[in-house]
Protein chains: 6
Amino acid sequence: MPDVVTFGEAMVRLAPPHFGRLENARSLDVEVGGAELNTAAGLVRLGRSAAWVSRLPDDPLGRLVAGRVREAGVDDRFVRYTPDGRCGLYFLEFGAAPRASSILYDRKDSAAARMAPGMFDWGTILAGAKWFHVTGITAALGATAAEVVGEAMRSARAANVRVSFDLNYRSKLWPPDEAARVLGDLLPLADLLIAGEADAELLFGVTGGDFAEVAAGLSDRFEVLVVAGTRREAPVVWRNRVAAVAWTDGAVYESAWHEVEVVDRLGAGDAYAAGLIHGLLDGDVQKAVDYGAALGALKHTVPGDLPWVSAAEVEAVLNGDGLRVRR
Amino acid sequence: MPDVVTFGEAMVRLAPPHFGRLENARSLDVEVGGAELNTAAGLVRLGRSAAWVSRLPDDPLGRLVAGRVREAGVDDRFVRYTPDGRCGLYFLEFGAAPRASSILYDRKDSAAARMAPGMFDWGTILAGAKWFHVTGITAALGATAAEVVGEAMRSARAANVRVSFDLNYRSKLWPPDEAARVLGDLLPLADLLIAGEADAELLFGVTGGDFAEVAAGLSDRFEVLVVAGTRREAPVVWRNRVAAVAWTDGAVYESAWHEVEVVDRLGAGDAYAAGLIHGLLDGDVQKAVDYGAALGALKHTVPGDLPWVSAAEVEAVLNGDGLRVRR
Amino acid sequence: MPDVVTFGEAMVRLAPPHFGRLENARSLDVEVGGAELNTAAGLVRLGRSAAWVSRLPDDPLGRLVAGRVREAGVDDRFVRYTPDGRCGLYFLEFGAAPRASSILYDRKDSAAARMAPGMFDWGTILAGAKWFHVTGITAALGATAAEVVGEAMRSARAANVRVSFDLNYRSKLWPPDEAARVLGDLLPLADLLIAGEADAELLFGVTGGDFAEVAAGLSDRFEVLVVAGTRREAPVVWRNRVAAVAWTDGAVYESAWHEVEVVDRLGAGDAYAAGLIHGLLDGDVQKAVDYGAALGALKHTVPGDLPWVSAAEVEAVLNGDGLRVRR
Amino acid sequence: MPDVVTFGEAMVRLAPPHFGRLENARSLDVEVGGAELNTAAGLVRLGRSAAWVSRLPDDPLGRLVAGRVREAGVDDRFVRYTPDGRCGLYFLEFGAAPRASSILYDRKDSAAARMAPGMFDWGTILAGAKWFHVTGITAALGATAAEVVGEAMRSARAANVRVSFDLNYRSKLWPPDEAARVLGDLLPLADLLIAGEADAELLFGVTGGDFAEVAAGLSDRFEVLVVAGTRREAPVVWRNRVAAVAWTDGAVYESAWHEVEVVDRLGAGDAYAAGLIHGLLDGDVQKAVDYGAALGALKHTVPGDLPWVSAAEVEAVLNGDGLRVRR
Amino acid sequence: MPDVVTFGEAMVRLAPPHFGRLENARSLDVEVGGAELNTAAGLVRLGRSAAWVSRLPDDPLGRLVAGRVREAGVDDRFVRYTPDGRCGLYFLEFGAAPRASSILYDRKDSAAARMAPGMFDWGTILAGAKWFHVTGITAALGATAAEVVGEAMRSARAANVRVSFDLNYRSKLWPPDEAARVLGDLLPLADLLIAGEADAELLFGVTGGDFAEVAAGLSDRFEVLVVAGTRREAPVVWRNRVAAVAWTDGAVYESAWHEVEVVDRLGAGDAYAAGLIHGLLDGDVQKAVDYGAALGALKHTVPGDLPWVSAAEVEAVLNGDGLRVRR
Amino acid sequence: MPDVVTFGEAMVRLAPPHFGRLENARSLDVEVGGAELNTAAGLVRLGRSAAWVSRLPDDPLGRLVAGRVREAGVDDRFVRYTPDGRCGLYFLEFGAAPRASSILYDRKDSAAARMAPGMFDWGTILAGAKWFHVTGITAALGATAAEVVGEAMRSARAANVRVSFDLNYRSKLWPPDEAARVLGDLLPLADLLIAGEADAELLFGVTGGDFAEVAAGLSDRFEVLVVAGTRREAPVVWRNRVAAVAWTDGAVYESAWHEVEVVDRLGAGDAYAAGLIHGLLDGDVQKAVDYGAALGALKHTVPGDLPWVSAAEVEAVLNGDGLRVRR
């Protein structure tokens with residue numbers, strides 16, 4: 001049985017190569033990504049076993065997603081295939097200052113968005129698992145999807161499986177008030193909440209002078225044990241600085257800052273979540289922010305949403321091994 | 001004002017290069033196609049002016065389609081852009097014997113499928129035009145789309161613009177009985193009907209010992225002046241033989257047979273329609289089948305749905321100029 | 001537990017695109033292949049579960065192989081990773097008449113070639129399996145590799161797992177007399193022998209007026225129950241005709257002939273073996289040659305050594321559904 | 001009738017991908033560019049209608065240029081096709097510090113360079129237009145080309161069409177003294193002059209302590225109403241800072257500085273010209289430098305000479321919307 | 001000193017991949033070719049040493065050509081570099097029945113076309129050589145180029161170097177009457193004439209009932225010792241049958257016919273010439289047609305104008321080794 | 001006879017495009033590189049003639065290496081081809097901060113590693129040469145390879161050919177103590193030693209307060225006349241600062257610092273060696289560090305191990321010509 005179970009949608013991602021525009025694209029690179037899948041893949045990279053639960057169309061695009069899931073070493077045994085619903089797609093254009101990267105979602109009526117309570121046997125799925133992870137995106141897929149998220153989180157709680165929830169508010173999917181209502185019901189079911197300060201304010205009106213205050217506010221409001229976030233300095237698109245921070249029981253844990261050269265930023269937050277869970281599975285919050293920051297930083301350096309880096313590369317970052325070619 | 005107006009949906013087509021499968025694709029080639037757009041492009045290739053009428057989403061994919069339309073020299077002034085509805089997509093896998101090419105449509109809820117009567121000002125659009133062309137695919141996009149097709153055909157009739165209708169029955173879009181009902185109402189508004197013998201039987205029960213009998217049957221039933229079809233011998237995927245045939249007023253006109261090496265078969269029937277219309281605009285049925293067969297045959301030799309061949313190449317085929325490199 | 005277990009080496013395959021030569025290549029396409037892996041993948045395509053047993057280097061190339069194994073849906077749980085030995089490679093140049101395709105092997109000192117008896121726990125691996133498959137290539141990897149093949153076959157016999165052996169004589173790996181000696185010891189452990197008439201004569205001096213006589217001779221000599229072979233007419237490189245034949249207990253079973261347009265011939269024999277095993281698992285020799293021939297024929301139409309075709313496509317070939325684009 | 005008419009040559013641009021050298025290139029990326037075409041395309045991006053006037057060979061390369069012109073939404077109705085003269089080409093190598101990008105022109109004897117007075121019916125072309133734009137490159141194509149530029153500028157003046165002239169001195173096309181003589185005759189026909197301080201000194205000996213003084217000097221000498229220029233800090237190749245400045249009637253207008261990550265610098269000056277004209281068409285010099293600087297900055301972020309960015313992206317830069325992925 | 005010296009122009013060849021059209025190309029594959037260079041490369045493939053004499057521009061494209069010449073093992077020591085003249089280019093579109101491949105030449109004003117008598121020191125160049133080869137294309141580059149051809153041929157004669165001349169009439173370069181006049185003066189300087197029957201009639205009015213009669217007529221008229229030609233059956237573009245034939249002193253020598261699958265037909269005639277010269281250097285006319293036909297046939301199977309095949313592959317064709325993958 | 005002779009192994013380099021990982025690569029870019037080959041190519045770029053001595057397998061990969069050697073203008077006449085031994089390979093992954101680039105060597109049992117004393121006729125090879133260059137990598141290929149290095153260096157000494165030795169310690173090839181022993185015997189045969197301060201300490205325990213002290217220590221210990229090194233500031237992967245320094249007879253020579261944007265760092269040290277030798281051949285140590293630094297800096301800007309830059313580009317860097325596009 002896998003250590004970690006994650007749950008959500010994965011989409012086929014289509015992007016013009018080398019900063020090209022969709023508008024005059026002649027070919028598109030194909031990747032597969034989805035917040036919870038990305039996190040599961042990150043955990044596998046760090047040596048954990050992980051399964052990803054979802055719903056896919058029974059067509060070549062659904063099989064494309066499943067093939068990549070398996071290639072990444074993520075267990076796909078709980079994925080349901082259905083003739084009902086299409087495969088979610090998203091189109092990505094890579095940016096360069098002063099132009100931000102942009103995303104065109106085409107995910108309506110996906111097989112995942114059409115899931116409904118009762119479709120997954122959570123008792124079986126979570127048997128033997130230590131951790132369950134989901135994000136606000138899954139809850140945003142539709143009213144019944146949010147119900148399934150609640151169903152899963154409650155099953156996890158009941159089975160003494162720890163639960164993490166990445167807020168991941170997406171304004172293209174739903175308005176803040178609806179998100180606040182739905183997510184507000186789900187968060188009390190989580191042990192770990194990953195949230196940015198801007199979203200905390202936008203959705204829940206939780207503010208504070210620094211991360212610690214915001215985290216304490218969120219913890220108070222939703223009874224979560226750990227609140228974690230990322231820090232990013234991004235004056236341009238191709239070079240950022242990132243770090244991680246977590247709060248628990250009044251204490252703040254910070255990672256080192258990492259200078260990153262950005263090949264592909266998508267999925268960095270999900271890789272961060274994987275590192276967090278990896279550390280928390282060992283009960284070590286400092287390890288959580290350290291591995292989260294390192295895996296998240298490394299994710300920026302590889303194409304695609306999945307963190308195709310090795311555990312040895314994570315260790316090298318944590319050890320400050322430097323940037324010389326190893327030969 | 002363009003000589004010919006065509007009306008229908010165009011989609012972004014995504015295909016793995018070199019006989020690859022969608023299931024393990026890493027990049028997809030991007031083309032744009034749609035039956036009526038392909039025909040308009042073919043007419044431009046033959047020296048006619050043509051406009052394509054449609055509805056596109058106001059997003060990068062919609063602009064991708066429009067850019068290709070203009071690149072092909074087709075007039076896009078009557079295209080409507082809308083925030084309502086997505087861009088239709090289709091995924092293509094190229095085959096090789098004994099594996100047929102296959103298509104995965106992802107066109108539901110497209111901007112084009114959501115068009116409704118009154119959205120297009122047919123009086124203005126058809127002013128000065130000589131010919132209007134549409135296919136059964138547009139009628140299959142939905143009930144209101146079929147209404148718009150009728151609206152357009154009646155406007156053309158009223159404006160003394162000749163009308164062609166390519167039956168193009170697609171079993172993935174609708175069942176035969178529904179198609180028969182809807183198309184049966186539209187066909188009497190056409191002057192030229194392009195139809196295969198199998199579809200004539202499947203939809204309308206019109207049969208006959210040879211093409212002439214079937215054509216006569218269709219002409220009787222729907223009061224169309226000309227009935228045209230293609231002939232194809234396709235024992236393998238990469239090499240076919242094709243020819244064209246038309247019937248009018250009891251007489252049958254046949255083209256030469258063309259040996260084709262198949263680079264990309266999609267759009268060949270639409271190129272054929274362009275050649276037909278080109279000849280009929282000159283009132284010459286023999287020219288129609290000759291140009292239809294030649295342009296249709298040539299379409300097989302170029303990538304994409306649009307017939308990127310030159311009028312000189314059409315003439316070379318008609319003249320039997322042979323296959324030596326010209327140097 | 002998987003239905004079928006296969007055992008052998010898989011290599012990274014590097015080939016210049018579009019008929020280019022290695023000698024002036026600027027990029028190489030990467031595929032993964034190995035006879036027994038290809039067969040396992042074919043069985044998964046037909047709905048069977050299959051595991052592939054092997055030894056891979058613990059480096060990025062070894063992980064590349066493993067990732068593709070999993071992507072193909074083949075179980076990799078029994079693969080051993082080792083710092084000892086490199087990843088086997090082979091370089092492929094695609095041919096065109098009158099130039100044959102050619103292969104440059106670079107597989108010496110691979111992790112797989114260095115396996116030794118006792119490295120695999122065959123009792124565990126074969127527990128619950130119904131079929132074990134291996135080929136002469138694995139036996140040719142070296143003296144200890146051949147010992148491991150014997151070890152595995154004997155374990156299968158002992159566990160009542162049926163055994164198939166594809167002769168697959170490779171003159172670049174070993175001379176005929178050595179192959180005859182080693183393989184001659186292994187074949188009596190097999191239930192199904194896949195062998196060509198030329199190899200039967202070259203290695204064992206078994207000849208006959210037709211396939212039936214040769215098969216009977218092989219069955220007599222090695223006590224195998226079923227002998228199977230392929231038939232191929234290949235006057236050019238890009239277009240062949242193929243069929244399958246099997247003999248058991250004096251009876252000959254033949255498939256239909258399939259006209260194939262050749263995208264990539266590598267792995268067709270291994271796909272054929274998968275179809276054979278699929279039929280024999282159902283105890284149906286006619287089904288075996290039919291599925292073997294169909295899957296083998298289809299394999300020619302897709303890039304790479306693995307048979308990336310669907311069960312529906314196999315059924316379409318068996319039903320004679322023809323080559324029209326489905327739309 | 002289009003709002004803006006631009007006039008000049010466009011070439012097919014061929015560049016090795018990913019910083020490769022021509023000397024060992026195996027493939028070349030194809031783009032189309034030409035100073036005045038680029039400006040026309042920029043105006044279309046900003047919502048203006050624009051036509052580009054030129055002369056192209058009646059061959060596939062000429063049609064390649066025309067297809068891209070139309071794809072960009074630029075009106076090509078006034079382009080003349082001729083069997084006389086070839087298609088201008090240029091070969092581009094992308095640089096990286098300390099290696100500058102470099103260009104190999106192969107444009108001699110192009111169809112555009114062979115144009116002569118009387119070939120274009122300027123009365124018709126400029127009827128209804130509000131603005132005419134040309135650059136010193138067109139005047140440099142040859143003596144008769146310069147005559148045609150004068151012919152066009154005088155026609156514009158006569159028709160009360162405002163005229164902009166981008167000095168664009170190219171040392172590979174002509175020596176400074178010849179350029180000074182020819183351009184000196186043309187500039188008094190312009191309303192807006194775009195010129196750098198170095199060129200002002202090199203060609204005309206006009207110097208000054210700052211841009212305002214140089215602009216005043218140019219305005220005095222050539223009676224132009226507005227003088228505009230760009231500012232660039234470029235310590236490396238991949239990252240620059242750019243801004244715009246304009247002078248009119250003693251007043252200086254400056255844009256914000258933009259930090260740019262450079263994907264492709266070619267055409268940035270022409271995009272800048274488009275933004276300038278866009279603002280001046282509204283009679284707003286501050287808007288001119290703001291839009292010029294923003295569109296010029298954005299051009300650096302997309303491949304090719306044409307500014308494939310959206311009006312929304314220009315607004316985002318002007319609003320300082322930042323570089324987060326929108327999702 | 002090289003055994004064989006060839007003399008002529010080489011061009012950079014630019015072709016859209018996979019049957020694409022120039023008109024909408026986004027990338028072009030780069031090859032280098034020229035009749036005499038191709039022949040020199042073919043001789044190197046067969047184990048002869050060969051030098052290619054030409055004139056190239058001193059720019060990256062000239063260096064691109066020279067780099068490929070050296071890569072092919074052809075001696076470039078006699079190539080002259082000049083700032084005067086551009087690099088010849090040609091654009092190729094690959095065809096498929098019923099569309100022939102087509103070529104757009106852009107070679108005017110090339111460095112090679114501007115060569116003049118006295119530029120090459122033929123005494124030094126030909127010292128120690130056994131064979132000199134040139135074609136009618138070089139003579140067609142211009143009046144002075146033809147003079148240089150005569151200069152070279154006379155020098156070869158004077159130095160007892162045997163001379164071959166491939167007629168290679170190109171209607172896009174000059175009219176038949178001019179070609180006949182110029183070539184008629186050069187042919188008497190040749191020992192071996194390669195000519196097709198159609199060109200013999202078109203240029204010189206030499207006709208006959210079969211190849212032997214035409215060859216005898218050419219030999220009579222121009223005093224050449226050997227006349228050679230190719231035979232081709234080409235009902236489609238992708239599959240041809242080819243053979244070779246030579247006449248000397250009344251005797252006719254014929255090769256076997258070869259079935260060819262056509263990857264790239266360009267340069268096949270030049271590869272044929274290489275095989276011819278290879279055999280004639282050994283004084284064996286039958287060997288000449290055999291190697292000519294085999295190398296010419298094999299050339300069709302590789303991309304580019306140069307015959308990137310091995311001597312072993314030539315032997316395999318001559319031995320009838322068949323089309324099985326060697327493994 | 002070439003001015004400079006270099007000696008060592010070259011490998012085929014395979015790298016996923018655009019920061020991809022080997023682990024999920026679908027295509028690999030092919031380059032050729034080897035320390036001493038890279039230096040020879042650099043010298044040719046600077047106008048020197050150079051030959052590269054090595055041993056290659058007689059197979060398509062060996063021919064691939066040789067073709068690139070010739071393409072680069074390097075003399076390959078002394079390369080030996082052998083059926084014994086494979087072609088060395090290395091797999092490269094490009095990094096981005098905080099991930100270093102990484103290399104997977106697969107060079108064991110290469111033809112070069114199997115060379116032995118007596119295989120090369122150094123008297124003939126070095127006749128007329130002015131300089132001989134080799135690196136510690138060649139000595140690390142194996143015990144007999146190190147013997148051949150000694151053989152060559154002694155021959156050079158005997159023939160009054162100056163000798164340079166680049167320490168190039170590679171920890172993946174051998175441990176420090178073995179390297180120290182073998183290299184310690186070879187260094188006294190060198191005139192110029194290129195070594196970093198870290199390697200001087202690691203291998204020989206030579207330390208000092210600055211480069212001058214370390215260089216003096218190395219000169220004392222090994223009796224080399226000139227000691228040279230590079231300086232690099234590399235806080236990230238894509239942007240570095242580099243400079244060169246040399247010591248002779250107590251004096252230190254330093255180049256300017258160059259800001260570099262890094263396309264491909266491999267081979268930069270070898271290009272640096274080429275510049276050094278170029279200056280020292282003119283007896284000018286300042287020129288040596290200046291050209292070394294400039295060519296080394298420029299190498300970072302082009303793909304592949306070979307320094308595909310022009311002498312004019314080197315001059316432009318030395319002149320501080322800046323980064324504007326030349327047009």
# chains A, B, ... in the order shown; residues from 1 in each chain; ligands from 1
$ residues_around --residues "Thr6 of chain D" --least-positions-apart "4" --cutoff "6 Å" --atoms "only C-alpha atoms" --output "list in words"
Glu36, Trp52, Phe132, His133 and Val134 of chain D
$ select_by_dssp --residues "segment 132-271 of chain B" --states "alpha helix (DSSP H)" --output "ChimeraX atom specification"
/B:136-140,143-158,176-186,197-204,211-222,268-271
$ interface_residues --of "chain D" --to "chain C" --cutoff "12 Å" --atoms "only C-alpha atoms" --output "mmCIF file with C-alpha atoms, in the first residue's frame"
data_model
loop_
_atom_site.group_PDB
_atom_site.id
_atom_site.type_symbol
_atom_site.label_atom_id
_atom_site.label_comp_id
_atom_site.auth_asym_id
_atom_site.auth_seq_id
_atom_site.Cartn_x
_atom_site.Cartn_y
_atom_site.Cartn_z
ATOM 1 C CA ASN D 24 27.233 23.953 -39.108
ATOM 2 C CA ALA D 25 23.476 24.357 -39.242
ATOM 3 C CA ARG D 26 21.277 21.407 -40.109
ATOM 4 C CA SER D 27 17.989 23.245 -39.989
#
$ residues_around --residues "segment 207-219 of chain B" --least-positions-apart "6" --cutoff "10 Å" --atoms "only C-alpha atoms" --output "list in words"
Leu187, Pro188, Asp191, Leu192, Leu193, Ile194, Ala195, Gly196, Glu197, Ala198, Asp199, Ala200, Glu201, Leu225, Val226, Val227, Ala228, Gly229, Val245, Ala246, Trp247, Thr248, Asp249, Gly250, Ala251, Val252 and Tyr253 of chain B
$ select_by_dssp --residues "segment 141-302 of chain D" --states "strand (DSSP E)" --output "VMD selection string"
chain D and resid 162 to 166 192 to 194 226 to 233 239 to 248 251 to 254 258 to 261
$ write_last_selection --atoms "C-alpha atoms" --output "PDB file, in the first residue's frame"
ATOM      1  CA  ARG D 162       0.813  62.283 -41.964  1.00  0.00           C
ATOM      2  CA  VAL D 163       4.230  60.798 -42.576  1.00  0.00           C
ATOM      3  CA  SER D 164       6.719  59.079 -40.281  1.00  0.00           C
ATOM      4  CA  PHE D 165      10.256  58.213 -41.206  1.00  0.00           C
ATOM      5  CA  ASP D 166      12.515  55.902 -39.224  1.00  0.00           C
ATOM      6  CA  LEU D 192       7.706  62.323 -37.348  1.00  0.00           C
ATOM      7  CA  LEU D 193      11.361  61.387 -37.449  1.00  0.00           C
ATOM      8  CA  ILE D 194      12.652  58.410 -35.487  1.00  0.00           C
ATOM      9  CA  VAL D 226       8.272  65.238 -33.685  1.00  0.00           C
ATOM     10  CA  VAL D 227      11.567  63.505 -33.126  1.00  0.00           C
ATOM     11  CA  ALA D 228      11.573  60.191 -31.265  1.00  0.00           C
ATOM     12  CA  GLY D 229      14.175  57.763 -30.078  1.00  0.00           C
ATOM     13  CA  THR D 230      14.789  54.752 -27.890  1.00  0.00           C
ATOM     14  CA  ARG D 231      17.047  54.204 -24.944  1.00  0.00           C
ATOM     15  CA  ARG D 232      18.693  50.903 -24.234  1.00  0.00           C
ATOM     16  CA  GLU D 233      21.021  49.563 -21.576  1.00  0.00           C
ATOM     17  CA  ARG D 239      18.729  41.027 -20.616  1.00  0.00           C
ATOM     18  CA  ASN D 240      18.322  44.702 -21.460  1.00  0.00           C
ATOM     19  CA  ARG D 241      16.559  47.756 -20.134  1.00  0.00           C
ATOM     20  CA  VAL D 242      14.653  49.883 -22.606  1.00  0.00           C
ATOM     21  CA  ALA D 243      12.691  53.125 -22.631  1.00  0.00           C
ATOM     22  CA  ALA D 244      11.366  55.620 -25.144  1.00  0.00           C
ATOM     23  CA  VAL D 245      11.658  59.351 -25.541  1.00  0.00           C
ATOM     24  CA  ALA D 246      10.122  61.921 -27.861  1.00  0.00           C
ATOM     25  CA  TRP D 247      10.557  65.619 -28.458  1.00  0.00           C
ATOM     26  CA  THR D 248       8.097  68.022 -29.924  1.00  0.00           C
ATOM     27  CA  ALA D 251       9.042  69.474 -24.842  1.00  0.00           C
ATOM     28  CA  VAL D 252      10.450  66.024 -24.008  1.00  0.00           C
ATOM     29  CA  TYR D 253       8.229  63.039 -23.234  1.00  0.00           C
ATOM     30  CA  GLU D 254       9.670  59.953 -21.600  1.00  0.00           C
ATOM     31  CA  HIS D 258      11.211  48.287 -18.934  1.00  0.00           C
ATOM     32  CA  GLU D 259      13.360  45.382 -17.863  1.00  0.00           C
ATOM     33  CA  VAL D 260      13.373  42.904 -20.763  1.00  0.00           C
ATOM     34  CA  GLU D 261      14.434  39.289 -21.058  1.00  0.00           C
TER      35      GLU D 261
END
$ residues_around --residues "Leu186 of chain E" --least-positions-apart "2" --cutoff "8 Å" --atoms "only C-alpha atoms" --output "ChimeraX atom specification"
/E:149-150,153,182-184,188-190
$ write_last_selection --atoms "C-alpha atoms" --output "JSON list (two decimals), in the first residue's frame"
[["chain", "number", "residue", "atom", "x", "y", "z"],
["E", 149, "VAL", "CA", 35.50, 24.30, -67.98],
["E", 150, "GLY", "CA", 37.28, 24.22, -71.33],
["E", 153, "MET", "CA", 39.42, 19.87, -69.68],
["E", 182, "VAL", "CA", 28.72, 25.50, -75.69],
["E", 183, "LEU", "CA", 28.58, 21.83, -74.81],
["E", 184, "GLY", "CA", 29.29, 20.81, -78.39],
["E", 188, "PRO", "CA", 35.29, 16.37, -77.79],
["E", 189, "LEU", "CA", 37.58, 16.93, -74.81],
["E", 190, "ALA", "CA", 35.91, 14.10, -72.88]]
$ residues_around --residues "Trp308 of chain D" --least-positions-apart "3" --cutoff "8 Å" --atoms "only C-alpha atoms" --output "short mmCIF file (atom, residue, chain, number, x, y, z; two decimals) with C-alpha atoms, in the first residue's frame"
data_model
loop_
_atom_site.label_atom_id
_atom_site.label_comp_id
_atom_site.auth_asym_id
_atom_site.auth_seq_id
_atom_site.Cartn_x
_atom_site.Cartn_y
_atom_site.Cartn_z
CA ARG A 21 2.72 32.03 -29.09
CA ARG D 45 -1.94 44.36 -32.71
CA LYS D 299 8.55 42.46 -28.89
CA VAL D 302 8.56 36.65 -28.81
#
$ residues_around --residues "Leu28 of chain F" --least-positions-apart "5" --cutoff "10 Å" --atoms "only C-alpha atoms" --output "PyMOL selection string"
(chain C and resi 14-16+26-30) or (chain F and resi 13-17+20+22+91-92)
$ atom_distance --atom1 "atom CA of Ser310 of chain A" --atom2 "atom CA of Leu295 of chain A"
9.3 Å
$ residues_around --residues "Cys87 of chain F" --least-positions-apart "3" --cutoff "7 Å" --atoms "only C-alpha atoms" --output "ChimeraX atom specification"
/F:11,56-57,61-62,110-111
$ atom_distance --atom1 "atom CA of Val4 of chain F" --atom2 "atom CA of Trp257 of chain F"
27.4 Å
$ decode --residues "segment 11-26 of chain F" --atoms "C-alpha atoms" --output "PDB file, in the first residue's frame"
ATOM      1  CA  MET F  11      33.489  10.816 -27.700  1.00  0.00           C
ATOM      2  CA  VAL F  12      30.025  11.051 -29.094  1.00  0.00           C
ATOM      3  CA  ARG F  13      28.050  13.288 -26.783  1.00  0.00           C
ATOM      4  CA  LEU F  14      24.312  12.759 -26.372  1.00  0.00           C
ATOM      5  CA  ALA F  15      22.188  15.351 -24.606  1.00  0.00           C
ATOM      6  CA  PRO F  16      18.441  15.915 -24.231  1.00  0.00           C
ATOM      7  CA  PRO F  17      17.399  19.247 -25.737  1.00  0.00           C
ATOM      8  CA  HIS F  18      16.240  22.216 -23.659  1.00  0.00           C
ATOM      9  CA  PHE F  19      17.153  21.179 -20.113  1.00  0.00           C
ATOM     10  CA  GLY F  20      15.372  17.831 -20.438  1.00  0.00           C
ATOM     11  CA  ARG F  21      16.398  14.859 -18.315  1.00  0.00           C
ATOM     12  CA  LEU F  22      17.895  11.671 -19.682  1.00  0.00           C
ATOM     13  CA  GLU F  23      15.422   9.767 -17.612  1.00  0.00           C
ATOM     14  CA  ASN F  24      12.493  10.792 -19.777  1.00  0.00           C
ATOM     15  CA  ALA F  25      14.256  11.841 -22.966  1.00  0.00           C
ATOM     16  CA  ARG F  26      12.663  11.183 -26.327  1.00  0.00           C
TER      17      ARG F  26
END
